[in-house]
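Working notes for the structure below.
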Amino acid sequence: MLNRTLKITSAVAFCVAVICPSAALAQNPPMDMSWAIRSQMNAYNQGQARANAAAMQYYQYMQQLRAAGYTGPSLPTGVTNESLRASINAANQAGQAYNQAQFNNSQRRSNATYDYSMRAIRGCTGPYVDQYGRVFYAGC
């Protein structure tokens, strides 16, 4: 009896060892996200370089004017509080419009999945809308 129990226990242990490998083998290796950091740093550096180039171009132009005898005030750069505020508002509105579009797309997908589940899988009829605007299915 003891020998048979030992054989069964050994067989079960062997099956568990074969079927369920260790947790270390089941895990994926860490994901390399260094490309994203490099891409973000590169975009930042390009923006900084372009801003610096624009500032240097304006500075050198003003130096040329001063060397030619211009003694008036600095020329306007075109960047004012209003233009800066307008560009920030436009960026915020674009971000909000993008988020709204993603939300609407998610709602459409969710509604389509729910409708398929109710009609094709559960066999309901509908959708029906009552006088209060609520959507329901019948015959499920």
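By order of appearance in the structure tokens: chains A, B, ..., then residues from 1 within every chain, and ligands from 1 in the order shown.
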Residue set, segment 18-100 of chain A restricted to helix (DSSP H, G or I), as a VMD selection string: chain A and resid 18 to 19 23 to 26 34 to 67 81 to 100
Determine, counting only C-alpha atoms, which protein, DNA and RNA residues have an atom within 12 Å of an atom of Gly126 of chain A; residues of the same chain fewer than 4 positions away are not included. Present the result as a PDB file with N, CA, C and O atoms, in the first residue's frame.
ATOM      1  N   TYR A 114     -22.151  45.262 -27.333  1.00  0.00           N
ATOM      2  CA  TYR A 114     -23.322  44.976 -26.509  1.00  0.00           C
ATOM      3  C   TYR A 114     -24.497  44.567 -27.389  1.00  0.00           C
ATOM      4  O   TYR A 114     -25.223  43.600 -27.081  1.00  0.00           O
ATOM      5  N   ASP A 115     -24.705  45.268 -28.519  1.00  0.00           N
ATOM      6  CA  ASP A 115     -25.800  44.942 -29.420  1.00  0.00           C
ATOM      7  C   ASP A 115     -25.622  43.541 -29.985  1.00  0.00           C
ATOM      8  O   ASP A 115     -26.578  42.760 -30.058  1.00  0.00           O
ATOM      9  N   TYR A 116     -24.403  43.189 -30.395  1.00  0.00           N
ATOM     10  CA  TYR A 116     -24.130  41.843 -30.914  1.00  0.00           C
ATOM     11  C   TYR A 116     -24.413  40.801 -29.838  1.00  0.00           C
ATOM     12  O   TYR A 116     -25.029  39.773 -30.103  1.00  0.00           O
ATOM     13  N   SER A 117     -23.975  41.084 -28.628  1.00  0.00           N
ATOM     14  CA  SER A 117     -24.181  40.136 -27.531  1.00  0.00           C
ATOM     15  C   SER A 117     -25.667  39.926 -27.269  1.00  0.00           C
ATOM     16  O   SER A 117     -26.117  38.800 -27.080  1.00  0.00           O
ATOM     17  N   MET A 118     -26.420  40.994 -27.268  1.00  0.00           N
ATOM     18  CA  MET A 118     -27.845  40.874 -26.963  1.00  0.00           C
ATOM     19  C   MET A 118     -28.616  40.192 -28.098  1.00  0.00           C
ATOM     20  O   MET A 118     -29.456  39.337 -27.846  1.00  0.00           O
ATOM     21  N   ARG A 119     -28.339  40.530 -29.343  1.00  0.00           N
ATOM     22  CA  ARG A 119     -29.139  39.997 -30.446  1.00  0.00           C
ATOM     23  C   ARG A 119     -28.630  38.666 -30.965  1.00  0.00           C
ATOM     24  O   ARG A 119     -29.406  37.731 -31.138  1.00  0.00           O
ATOM     25  N   ALA A 120     -27.335  38.546 -31.211  1.00  0.00           N
ATOM     26  CA  ALA A 120     -26.816  37.328 -31.832  1.00  0.00           C
ATOM     27  C   ALA A 120     -26.618  36.205 -30.826  1.00  0.00           C
ATOM     28  O   ALA A 120     -26.909  35.055 -31.124  1.00  0.00           O
ATOM     29  N   ARG A 122     -27.708  36.173 -27.287  1.00  0.00           N
ATOM     30  CA  ARG A 122     -28.834  35.926 -26.388  1.00  0.00           C
ATOM     31  C   ARG A 122     -30.167  35.781 -27.109  1.00  0.00           C
ATOM     32  O   ARG A 122     -31.143  35.350 -26.517  1.00  0.00           O
ATOM     33  N   ASP A 130     -37.598  53.667 -25.362  1.00  0.00           N
ATOM     34  CA  ASP A 130     -38.866  54.122 -24.779  1.00  0.00           C
ATOM     35  C   ASP A 130     -38.971  55.642 -24.833  1.00  0.00           C
ATOM     36  O   ASP A 130     -38.080  56.333 -25.354  1.00  0.00           O
ATOM     37  N   VAL A 135     -32.659  52.657 -23.826  1.00  0.00           N
ATOM     38  CA  VAL A 135     -32.579  51.574 -24.807  1.00  0.00           C
ATOM     39  C   VAL A 135     -32.752  50.247 -24.084  1.00  0.00           C
ATOM     40  O   VAL A 135     -32.149  50.021 -23.028  1.00  0.00           O
ATOM     41  N   PHE A 136     -33.595  49.360 -24.645  1.00  0.00           N
ATOM     42  CA  PHE A 136     -33.770  48.034 -24.033  1.00  0.00           C
ATOM     43  C   PHE A 136     -34.005  47.010 -25.134  1.00  0.00           C
ATOM     44  O   PHE A 136     -34.249  47.348 -26.297  1.00  0.00           O
ATOM     45  N   TYR A 137     -33.895  45.744 -24.768  1.00  0.00           N
ATOM     46  CA  TYR A 137     -34.093  44.618 -25.672  1.00  0.00           C
ATOM     47  C   TYR A 137     -35.226  43.786 -25.111  1.00  0.00           C
ATOM     48  O   TYR A 137     -35.445  43.725 -23.905  1.00  0.00           O
ATOM     49  N   ALA A 138     -35.952  43.094 -25.991  1.00  0.00           N
ATOM     50  CA  ALA A 138     -37.084  42.280 -25.563  1.00  0.00           C
ATOM     51  C   ALA A 138     -36.855  40.829 -25.975  1.00  0.00           C
ATOM     52  O   ALA A 138     -36.076  40.543 -26.877  1.00  0.00           O
ATOM     53  N   GLY A 139     -37.558  39.940 -25.288  1.00  0.00           N
ATOM     54  CA  GLY A 139     -37.549  38.537 -25.641  1.00  0.00           C
ATOM     55  C   GLY A 139     -36.325  37.754 -25.218  1.00  0.00           C
ATOM     56  O   GLY A 139     -36.041  36.710 -25.760  1.00  0.00           O
ATOM     57  N   CYS A 140     -35.579  38.237 -24.242  1.00  0.00           N
ATOM     58  CA  CYS A 140     -34.396  37.496 -23.799  1.00  0.00           C
ATOM     59  C   CYS A 140     -34.750  36.651 -22.599  1.00  0.00           C
ATOM     60  O   CYS A 140     -35.446  37.015 -21.742  1.00  0.00           O
TER      61      CYS A 140
END
Rounded to one decimal, what separation in Å do you get between atom CA of Ser87 of chain A and atom CA of Phe103 of chain A?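 It comes out at 24.3 Å.
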